[in-house]
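Colleague: Pasting a structure here, questions to come.
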Amino acid sequence: MDKTEKYQLLTEQIRALIEGETDSVAVMANVSAAIHETMGFWWTGFYRVINGELVLGPFQGPVACMHIGFGKGVCGTAWKEQRTLIVPDVEQFPGHIACSSLSRSEIVVPVFSRSGDMIAVLDIDSKEIATFDNIDQQYLEEICKMME
C-alpha cells in the first residue's frame with residue numbers, strides 16, 4: 001500500500017473515530033495514536049495553545065518539550081504564521097528546538113476552531129531526512145480540518 005492509500009484509509013478511520021466527540025483532548029489523543037500507528041512516524045502529537053504559549057498535549061512517542069513560545073522553533077513558527085511548515089532537515093531550520101537529537105525532519109500543521117482561532121498544532125517528527133512532502137501536507141491538513 002502506498003502513502004496515498006494509507007492516508008485515504010487513515011482519514012476515513014479518523015473521521016469515524018472522532019465523529020460526534022466534543023472533547024478536544026480525547027480527539028487529539030485518538031488522532032495522534034491513529035496517525036502514529038498507521039504511518040509509523042517517530043513522534044506524533046499536539047501542542048495546544050494555552051495562555052499565550054504552546055503546551056504539550058496528547059502524543060505518541062518519546063518524551064517531548066512541554067512548552068514552546070510563540071514564534072519559537074518549527075511549532076511556534078507554524079503558530080505565528082498560521083500555516084503548515086515542512087522542514088526537510090531540522091538542523092537547517094533557524095531556531096529549531098531540539099527536544100531530541102534523533103529528530104531529523106518535521107511537519108507542523110495548524111488546528112483551527114470553528115470560529116477560526118488557532119487552538120493547536122499537529123507536530124510530527126521523523127528520524128529520517130526529508131520524510132514529509134505535499135501528500136503528507138494534503139492529508140494531515142484534511143485530518144486537522146475534521147477536528148474543528
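Going by the C-alpha cells order, chains are called A, B, ..., each with residues numbered from 1, while ligands are numbered from 1 in the order shown.
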Report as a PyMOL selection string all protein, DNA and RNA residues lying within 12 Å of Ala26 of chain A, evaluated on only C-alpha atoms, omitting residues in the same chain fewer than 6 positions from it.

Modeller: chain A and resi 17-20+32-33+46+57-59+147

Colleague: Which residues of segment 11-51 of chain A come within 12 Å of segment 66-76 of chain A, and for each one, what is the closest pair of atoms and their distance in Å to one decimal, counting only C-alpha atoms, sorted by chain and residue number, as a tab-separated table?

Modeller:
```
residue	atom	partner	partner_atom	distance
A:Gly45	CA	A:Cys75	CA	11.2
A:Phe46	CA	A:Cys75	CA	9.7
A:Tyr47	CA	A:Cys75	CA	8.0
A:Arg48	CA	A:His67	CA	9.5
A:Val49	CA	A:Phe70	CA	9.4
A:Ile50	CA	A:His67	CA	9.7
A:Asn51	CA	A:Gly69	CA	10.4
```

Colleague: Residues within 12 Å of segment 126-129 of chain A, please, as an MDAnalysis selection string. Count only C-alpha atoms; anything in the same chain fewer than 6 positions from it doesn't count.

Modeller: chainID A and resid 36 39:44 61 86:92 100:108

Colleague: Those same residues - C-alpha atoms - I'd like them written as a PDB file, in the first residue's frame.

Modeller:
```pdb
ATOM      1  CA  HIS A  36       1.351   7.260  14.610  1.00  0.00           C
ATOM      2  CA  MET A  39       2.166   5.876   9.306  1.00  0.00           C
ATOM      3  CA  GLY A  40       4.954   4.711  11.636  1.00  0.00           C
ATOM      4  CA  PHE A  41       6.342   8.169  12.367  1.00  0.00           C
ATOM      5  CA  TRP A  42       8.859   8.639  15.192  1.00  0.00           C
ATOM      6  CA  TRP A  43       6.854  11.251  17.139  1.00  0.00           C
ATOM      7  CA  THR A  44       3.257  12.327  16.564  1.00  0.00           C
ATOM      8  CA  GLY A  61       6.478   8.645  21.040  1.00  0.00           C
ATOM      9  CA  ILE A  86       7.512  21.145   6.190  1.00  0.00           C
ATOM     10  CA  VAL A  87      11.137  21.042   7.318  1.00  0.00           C
ATOM     11  CA  PRO A  88      13.249  18.521   5.381  1.00  0.00           C
ATOM     12  CA  ASP A  89      16.251  18.916   7.737  1.00  0.00           C
ATOM     13  CA  VAL A  90      15.564  20.369  11.182  1.00  0.00           C
ATOM     14  CA  GLU A  91      19.236  21.224  11.648  1.00  0.00           C
ATOM     15  CA  GLN A  92      18.848  23.760   8.824  1.00  0.00           C
ATOM     16  CA  SER A 100      15.679  15.114  20.756  1.00  0.00           C
ATOM     17  CA  SER A 101      18.766  14.846  18.573  1.00  0.00           C
ATOM     18  CA  LEU A 102      17.091  11.879  16.845  1.00  0.00           C
ATOM     19  CA  SER A 103      14.538  14.118  15.120  1.00  0.00           C
ATOM     20  CA  ARG A 104      15.736  14.892  11.586  1.00  0.00           C
ATOM     21  CA  SER A 105      12.670  16.173   9.665  1.00  0.00           C
ATOM     22  CA  GLU A 106       9.335  17.585  10.724  1.00  0.00           C
ATOM     23  CA  ILE A 107       5.892  18.705   9.604  1.00  0.00           C
ATOM     24  CA  VAL A 108       3.697  21.002  11.684  1.00  0.00           C
TER      25      VAL A 108
END
```

Colleague: Can you check which residues of chain A DSSP gives as strand (DSSP E or B) on the backbone and send them as a ChimeraX atom specification?

Modeller: /A:43-50,53-60,67-69,85-87,105-112,118-126

Colleague: Give the alpha helix (DSSP H) residues of segment 8-128 of chain A, as assigned by DSSP on the backbone, as a VMD selection string.

Modeller: chain A and resid 8 to 18 24 to 39 73 to 81

Colleague: I'd like the interatomic distance between atom CA of Ile124 of chain A and atom CA of Val27 of chain A, to a tenth of an Å.

Modeller: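 Rounded to one decimal, the two atoms are 16.4 Å apart.
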
Colleague: Could you jot down the atom CA of Thr38 of chain A to atom CA of Glu5 of chain A separation for me, Å, one decimal place?

Modeller: 11.1 Å

Colleague: Point out the residue among A:Val55, A:Leu85, A:Val63, A:Ile35 with the least atom-to-atom distance to Gln8 of chain A, counting only C-alpha atoms.

Modeller: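 Closest to Gln8 of chain A, using only C-alpha atoms: A:Ile35.
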
Colleague: With distances taken over only C-alpha atoms, which residue among A:Ala64, A:Leu54, A:Trp79, A:Thr4 lies nearest Leu140 of chain A?

Modeller: A:Thr4

Colleague: Counting only C-alpha atoms, which of A:Leu9, A:Ile135, A:Ile143, A:Ile14 gets nearest to Val111 of chain A?

Modeller: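 Going through A:Leu9, A:Ile135, A:Ile143, A:Ile14 one by one, the smallest distance to Val111 of chain A is for A:Ile143.
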
Colleague: Interatomic distance between atom CA of Ala120 of chain A and atom CA of Asn30 of chain A?

Modeller: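 For atom CA of Ala120 of chain A relative to atom CA of Asn30 of chain A, the distance reads 15.0 Å.
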
Colleague: Would you mind telling me which residue in A:Val109, A:Asp2, A:Cys99, A:Val25 lies nearest to Tyr139 of chain A when using only C-alpha atoms?

Modeller: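 The answer is A:Val109, which sits nearest to Tyr139 of chain A.
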